[in-house]
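Below is one structure, written out as structure tokens, with a few remarks after it.
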Amino acid sequence: MDTAFFKINGKEGFVYSNIFQKEKIQNASLELAPVTIQEFVNPKIDIRVTVVGDEVLLLVLQAKGMV
């Protein structure tokens with residue numbers, strides 16, 4: 001499991017991610033649950049975005065170090 005941190009209108013929060021097998025997702029009742037589903041990315045890539053004023057800074061990290 002992995003997490004992402006966000007801040008909107010002064011409120012902080014986390015988003016958690018989990019890995020599921022395709023069959024488990026296909027058989028789940030998700031009509032009442034807000035979800036985002038994406039293909040598993042391997043090796044893991046972290047994308048970190050920092051906004052300072054009008055400037056957007058981006059850093060991409062892989063298991064072996066910065067890309």
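Here, A, B, ... name the chains of the structure tokens in the order displayed, residue numbers run from 1 inside each chain, and ligands are numbered from 1 in the same displayed order.
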* Which neighbours of region 34-37 of chain A fall inside 9 Å, counting only C-alpha atoms, when residues of the same chain fewer than 3 positions from it are skipped, and could you give them as an MDAnalysis selection string? -> chainID A and resid 25 30:31
* Asked: Can you tell me, as a list in words, what residues are no more than 12 Å from region 14-16 of chain A when counting only C-alpha atoms, ignoring any on the same chain fewer than 6 positions away?
  -> Met1, Asp2, Thr3, Ala4, Phe5, Phe6, Lys7, Ile8, Pro34, Val35 and Thr36 of chain A
* **Backbone-only DSSP, helix (DSSP H, G or I) members of chain A, as an MDAnalysis selection string** => chainID A and resid 22:26
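Across A:Pro43, A:Ser29, A:Gln38, A:Leu59, the tightest approach to Ser17 (chain A) is made by A:Gln38 when counting only C-alpha atoms.
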* Can you tell me, as a list of chain:residue names, what residues are no more than 10 Å from Ala63 (chain A) when counting only C-alpha atoms, ignoring any on the same chain fewer than 5 positions away? -> A:Asn42, A:Pro43, A:Lys44, A:Ile45, A:Asp46
